[in-house]
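Asks: Dropping the structure in here first, questions after.
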Amino acid sequence: MGAHMGMLAGLRAVGVRIVFDRSAGEEDHGTTLSSLASASCMLLLDRITRFRSALLTRPEQACAGLVAHLTAGPMILVFMMVIAQSARAEDACIDPSTLAATTVSITRYFSADEKPRPSLDGYRATAWFYGSTRYLVSIAHFVDDAPVLPRGEWRKVDVRQRDITVQVSARLLAVVRALPEGFAIFELREPFPNAQTLKLREKPLSRNEPVRSIAYLDGLRFAKGRFAEIAGSNDMPLDHPFAKVRPGSGLFEMWDIEERNNDRYVLDHGASGAPIVDCEGNVAAVASSIVTQGSLYFAGREIRLTTPWGMANNTAALIQPLFAITLTQ
């Protein structure tokens with residue numbers, strides 16, 4: 001999902017709780033009605049037992065209806081609360097726009113000798129601050145794809161935060177091994193101004209847990225979605241969307257948070273390295289690639305087909321290997 005710079009297209013990697021409060025002066029009608037229903041049931045059951053009758057009189061039928069109504073009411077209320085809480089659980093997630101100061105677009109340019117093709121000027125990816133505002137984390141293919149970025153060598157790179165782009169000196173410190181690919185860690189000569197750092201999530205994600213992301217494509221974009229699963233080692237048909245996904249990869253279903261045109265390519269070209277965070281804003285994974293299932297060709301143009309709704313459409317490297325890295329504050 002890192003993007004090539006120049007005339008060539010880029011790499012393809014890529015609830016609110018419901019609470020019922022009672023004021024001090026409000027009568028608890030629920031308790032009163034509950035007691036009435038309980039007493040009515042006792043009287044009704046006693047009458048049925050004494051007369052051993054299978055038929056109820058009209059008043060008894062009315063009483064039974066009232067009891068059923070009063071009993072069903074709280075059950076329906078509880079059921080509605082559970083549905084509402086589940087349906088709106090994502091509303092408790094962090095707004096990824098509040099993380100804008102933690103994430104940047106980073107671009108490295110090629111020298112004349114490094115250019116693999118005359119039209120290819122450089123690579124672009126997304127990165128985020130970790131440890132201090134002197135360190136950036138991105139995805140490995142941003143530095144490992146030819147031409148490979150030398151380690152430890154200071155280079156000029158463009159760093160874009162929101163709509164402001166500045167040129168800074170940076171060097172590649174290390175590539176941390178992970179699946180499906182590693183993390184690239186950069187050091188800046190100077191702390192980046194007006195930036196904030198992100199923390200790592202300490203426990204594994206749960207299946208279907210809501211997540212958020214912030215990334216740079218042509219501009220700053222925000223994504224929402226869920227953690228689907230960790231890719232297994234089972235053999236799959238060659239035409240399956242996950243046939244080429246490496247075992248151990250994190251699989252996520254992500255789409256544009258504004259749902260503009262149901263955009264499921266929000267973590268696509270240029271978004272490689274984007275942080276995928278949990279609802280508290282802690283990084284759980286780093287975006288690696290987008291999953292597609294073939295292409296259509298129309299008027300000489302390739303149109304990629306994303307996976308269906310309900311299926312993961314992005315791979316990412318889970319964050320656990322970064323815990324072994326110590327950076328100077």
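FYI, nothing fancy with the structure tokens labels: chains A, B, ... in order, residues from 1 per chain, ligands from 1 as they appear.
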For Val168 of chain A, work out the shell of residues within 7 Å, counting only C-alpha atoms and skipping chain neighbours fewer than 6 positions away, then give it as a VMD selection string.
Replies: chain A and resid 156 to 158
Asks: Write the residues of the preceding selection, restricted to C-alpha atoms, as a CSV table (one decimal), in the first residue's frame.
Replies:
chain,number,residue,atom,x,y,z
A,156,LYS,CA,16.3,13.9,3.3
A,157,VAL,CA,12.7,12.8,3.5
A,158,ASP,CA,9.4,14.7,3.2
Asks: At a cut-off of 12 Å, using only C-alpha atoms, what residues contact Leu238 of chain A? Leave out same-chain residues fewer than 4 positions from it and give the result as a compact mmCIF listing (two decimals) with N, CA and C atoms, in the first residue's frame.
Replies:
# COMPACT_ATOMS: atom_id res chain seq x y z
N PHE A 242 -7.91 -14.97 0.13
CA PHE A 242 -6.85 -15.10 1.12
C PHE A 242 -5.81 -16.15 0.73
N ALA A 243 -5.85 -16.64 -0.50
CA ALA A 243 -4.95 -17.71 -0.91
C ALA A 243 -3.48 -17.31 -0.79
N LYS A 244 -3.17 -16.03 -1.02
CA LYS A 244 -1.78 -15.58 -0.98
C LYS A 244 -1.44 -14.84 0.31
N VAL A 245 -2.35 -14.84 1.28
CA VAL A 245 -2.08 -14.17 2.55
C VAL A 245 -1.19 -15.06 3.40
N GLN A 293 -10.12 -9.47 -4.91
CA GLN A 293 -10.48 -10.76 -5.51
C GLN A 293 -10.64 -10.60 -7.02
N GLY A 294 -9.51 -10.32 -7.66
CA GLY A 294 -9.53 -10.21 -9.11
C GLY A 294 -9.81 -8.79 -9.58
Asks: Give me the residues within 12 Å of Pro241 of chain A as a JSON list (two decimals) with N, CA and C atoms, in the first residue's frame, counting only C-alpha atoms and dropping any in the same chain fewer than 4 places off.
Replies:
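Result went into result.json, see below:
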[["chain", "number", "residue", "atom", "x", "y", "z"],
["A", 231, "ALA", "N", -4.66, -15.02, 10.09],
["A", 231, "ALA", "CA", -4.66, -15.96, 8.98],
["A", 231, "ALA", "C", -4.02, -17.27, 9.38],
["A", 236, "MET", "N", -5.93, -23.13, 0.78],
["A", 236, "MET", "CA", -7.15, -22.55, 0.21],
["A", 236, "MET", "C", -7.09, -22.64, -1.30],
["A", 237, "PRO", "N", -8.27, -22.66, -1.96],
["A", 237, "PRO", "CA", -8.27, -22.63, -3.43],
["A", 237, "PRO", "C", -7.53, -21.40, -3.95],
["A", 245, "VAL", "N", -2.35, -14.84, 1.28],
["A", 245, "VAL", "CA", -2.08, -14.17, 2.55],
["A", 245, "VAL", "C", -1.19, -15.06, 3.40],
["A", 246, "ARG", "N", -0.12, -14.51, 3.93],
["A", 246, "ARG", "CA", 0.81, -15.31, 4.71],
["A", 246, "ARG", "C", 0.19, -15.70, 6.06],
["A", 251, "LEU", "N", -5.92, -10.12, 9.95],
["A", 251, "LEU", "CA", -6.92, -9.82, 8.92],
["A", 251, "LEU", "C", -7.95, -8.86, 9.51],
["A", 290, "ILE", "N", -3.80, -4.47, 0.93],
["A", 290, "ILE", "CA", -5.24, -4.57, 0.71],
["A", 290, "ILE", "C", -5.51, -5.89, -0.01],
["A", 291, "VAL", "N", -6.62, -6.53, 0.33],
["A", 291, "VAL", "CA", -6.99, -7.82, -0.25],
["A", 291, "VAL", "C", -8.04, -7.58, -1.32],
["A", 292, "THR", "N", -7.79, -8.08, -2.50],
["A", 292, "THR", "CA", -8.76, -7.99, -3.59],
["A", 292, "THR", "C", -9.06, -9.38, -4.13],
["A", 293, "GLN", "N", -10.12, -9.47, -4.91],
["A", 293, "GLN", "CA", -10.48, -10.76, -5.51],
["A", 293, "GLN", "C", -10.64, -10.60, -7.02],
["A", 294, "GLY", "N", -9.51, -10.32, -7.66],
["A", 294, "GLY", "CA", -9.53, -10.21, -9.11],
["A", 294, "GLY", "C", -9.81, -8.79, -9.58],
["A", 295, "SER", "N", -9.93, -8.66, -10.91],
["A", 295, "SER", "CA", -10.11, -7.34, -11.51],
["A", 295, "SER", "C", -11.08, -7.43, -12.69],
["A", 305, "LEU", "N", -11.47, -5.55, -7.71],
["A", 305, "LEU", "CA", -12.67, -5.94, -6.96],
["A", 305, "LEU", "C", -12.27, -6.24, -5.53],
["A", 306, "THR", "N", -12.85, -5.51, -4.58],
["A", 306, "THR", "CA", -12.54, -5.78, -3.19],
["A", 306, "THR", "C", -13.34, -6.97, -2.70],
["A", 307, "THR", "N", -13.04, -7.44, -1.51],
["A", 307, "THR", "CA", -13.77, -8.57, -0.94],
["A", 307, "THR", "C", -15.17, -8.14, -0.54],
["A", 308, "PRO", "N", -16.11, -9.09, -0.39],
["A", 308, "PRO", "CA", -17.48, -8.74, -0.01],
["A", 308, "PRO", "C", -17.55, -8.19, 1.41],
["A", 311, "MET", "N", -16.27, -9.70, 5.05],
["A", 311, "MET", "CA", -15.01, -10.42, 4.90],
["A", 311, "MET", "C", -13.86, -9.43, 5.03],
["A", 312, "ALA", "N", -12.76, -9.88, 5.60],
["A", 312, "ALA", "CA", -11.60, -9.00, 5.76],
["A", 312, "ALA", "C", -11.13, -8.48, 4.40],
["A", 313, "ASN", "N", -10.67, -7.24, 4.36],
["A", 313, "ASN", "CA", -10.16, -6.65, 3.12],
["A", 313, "ASN", "C", -8.77, -6.02, 3.29],
["A", 314, "ASN", "N", -8.18, -6.16, 4.47],
["A", 314, "ASN", "CA", -6.83, -5.64, 4.70],
["A", 314, "ASN", "C", -6.02, -6.62, 5.54],
["A", 315, "THR", "N", -4.74, -6.71, 5.22],
["A", 315, "THR", "CA", -3.82, -7.45, 6.09],
["A", 315, "THR", "C", -2.99, -6.45, 6.87]]
Asks: Here is a test: counting only C-alpha atoms, which residue of A:Glu190, A:Asp278, A:Glu114, A:Glu229 is nearest to Leu136 of chain A?
Replies: A:Glu190
Asks: Smallest atom-to-atom distance to Thr133 of chain A: which of A:Leu267, A:Val166, A:Gly281, A:Leu327, using only C-alpha atoms?
Replies: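 Comparing A:Leu267, A:Val166, A:Gly281, A:Leu327 against Thr133 of chain A, the winner is A:Leu327.
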Asks: Name the residues in contact with Ile230 of chain A at a cut-off of 6 Å, using only C-alpha atoms, excluding same-chain residues fewer than 5 positions from it; report them as a ChimeraX atom specification.
Replies: /A:248-251
Asks: May I have the residues from that selection written out with C-alpha atoms, as a PDB file, in the first residue's frame?
Replies:
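Result file follows (result.pdb):
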ATOM      1  CA  GLY A 248       0.119 -15.248  10.938  1.00  0.00           C
ATOM      2  CA  SER A 249      -1.094 -12.091   9.212  1.00  0.00           C
ATOM      3  CA  GLY A 250      -3.720 -10.048  10.975  1.00  0.00           C
ATOM      4  CA  LEU A 251      -6.920  -9.821   8.925  1.00  0.00           C
TER       5      LEU A 251
END
Asks: Applying 7 Å and only C-alpha atoms, which residues near segment 100-112 of chain A remain after dropping the ones on its own chain fewer than 2 positions away? List them as a list in words.
Replies: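 Residues near the query, excluding close chain neighbours: Ser97, Thr98, Glu114, Lys115, Asp121, Gly122, Tyr123, Arg124, Ala125, Thr126, Ala127, Trp128, Phe129, Val157, Asp158, Val159, Arg160, Gln161, Asn194, Ala195, Gln196, Thr197, Leu198 and Tyr216 of chain A.
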Asks: With C-alpha atoms kept, could you save the residues just selected as a PDB file, in the first residue's frame?
Replies:
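Wrote selection31.pdb, looks like this:
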ATOM      1  CA  SER A  97      -9.401  12.466  13.843  1.00  0.00           C
ATOM      2  CA  THR A  98      -8.106  13.196  17.371  1.00  0.00           C
ATOM      3  CA  GLU A 114      18.789   4.535  -7.614  1.00  0.00           C
ATOM      4  CA  LYS A 115      15.810   5.024  -9.910  1.00  0.00           C
ATOM      5  CA  ASP A 121      10.761   9.279  -8.282  1.00  0.00           C
ATOM      6  CA  GLY A 122      10.238   7.684  -4.877  1.00  0.00           C
ATOM      7  CA  TYR A 123       8.041   5.815  -2.424  1.00  0.00           C
ATOM      8  CA  ARG A 124       5.400   7.149  -0.058  1.00  0.00           C
ATOM      9  CA  ALA A 125       3.924   5.516   3.048  1.00  0.00           C
ATOM     10  CA  THR A 126       2.180   6.349   6.317  1.00  0.00           C
ATOM     11  CA  ALA A 127       4.126   6.425   9.601  1.00  0.00           C
ATOM     12  CA  TRP A 128       3.404   7.192  13.263  1.00  0.00           C
ATOM     13  CA  PHE A 129       5.358   8.474  16.238  1.00  0.00           C
ATOM     14  CA  VAL A 157      12.657  12.798   3.451  1.00  0.00           C
ATOM     15  CA  ASP A 158       9.383  14.690   3.155  1.00  0.00           C
ATOM     16  CA  VAL A 159       7.120  14.444   6.190  1.00  0.00           C
ATOM     17  CA  ARG A 160       3.535  15.619   5.784  1.00  0.00           C
ATOM     18  CA  GLN A 161       1.295  16.327   8.758  1.00  0.00           C
ATOM     19  CA  ASN A 194       3.465  19.663  17.081  1.00  0.00           C
ATOM     20  CA  ALA A 195       3.511  15.866  17.142  1.00  0.00           C
ATOM     21  CA  GLN A 196       2.240  13.283  19.613  1.00  0.00           C
ATOM     22  CA  THR A 197       3.196   9.654  20.217  1.00  0.00           C
ATOM     23  CA  LEU A 198       1.067   6.526  20.235  1.00  0.00           C
ATOM     24  CA  TYR A 216      -2.536   9.174   4.190  1.00  0.00           C
TER      25      TYR A 216
END
Asks: Just asking: which residues within segment 205-254 of chain A are strand (DSSP E) according to DSSP, as a PyMOL selection string?
Replies: chain A and resi 210-216+220-230+250-254
Asks: Please give the complete set of residues from segment 121-293 of chain A that DSSP, run on the backbone, assigns to helix (DSSP H, G or I), formatted as a VMD selection string.
Replies: chain A and resid 141 to 144 260 to 262
Asks: Only C-alpha atoms, please: the residues just picked out, written as a PDB file, in the first residue's frame.
Replies:
ATOM      1  CA  HIS A 141       8.216  -2.824   2.239  1.00  0.00           C
ATOM      2  CA  PHE A 142       8.635   0.965   2.287  1.00  0.00           C
ATOM      3  CA  VAL A 143      12.377   0.418   2.795  1.00  0.00           C
ATOM      4  CA  ASP A 144      12.907  -3.161   1.579  1.00  0.00           C
ATOM      5  CA  ARG A 260     -18.418   7.884   1.316  1.00  0.00           C
ATOM      6  CA  ASN A 261     -19.476   5.521  -1.448  1.00  0.00           C
ATOM      7  CA  ASN A 262     -18.879   2.658   1.007  1.00  0.00           C
TER       8      ASN A 262
END
Asks: Rounded to one decimal in Å, what is the spacing between atom CA of Leu318 of chain A and atom CA of Pro150 of chain A?
Replies: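 Distance reported for this atom pair: 24.9 Å.
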Asks: Check the smallest atom-to-atom distance from each of A:Leu188, A:Leu205, A:Ala140, A:Ala92 to Gln167 of chain A using only C-alpha atoms, then report the winner.
Replies: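 Using only C-alpha atoms, Gln167 of chain A sits closest to A:Leu188.
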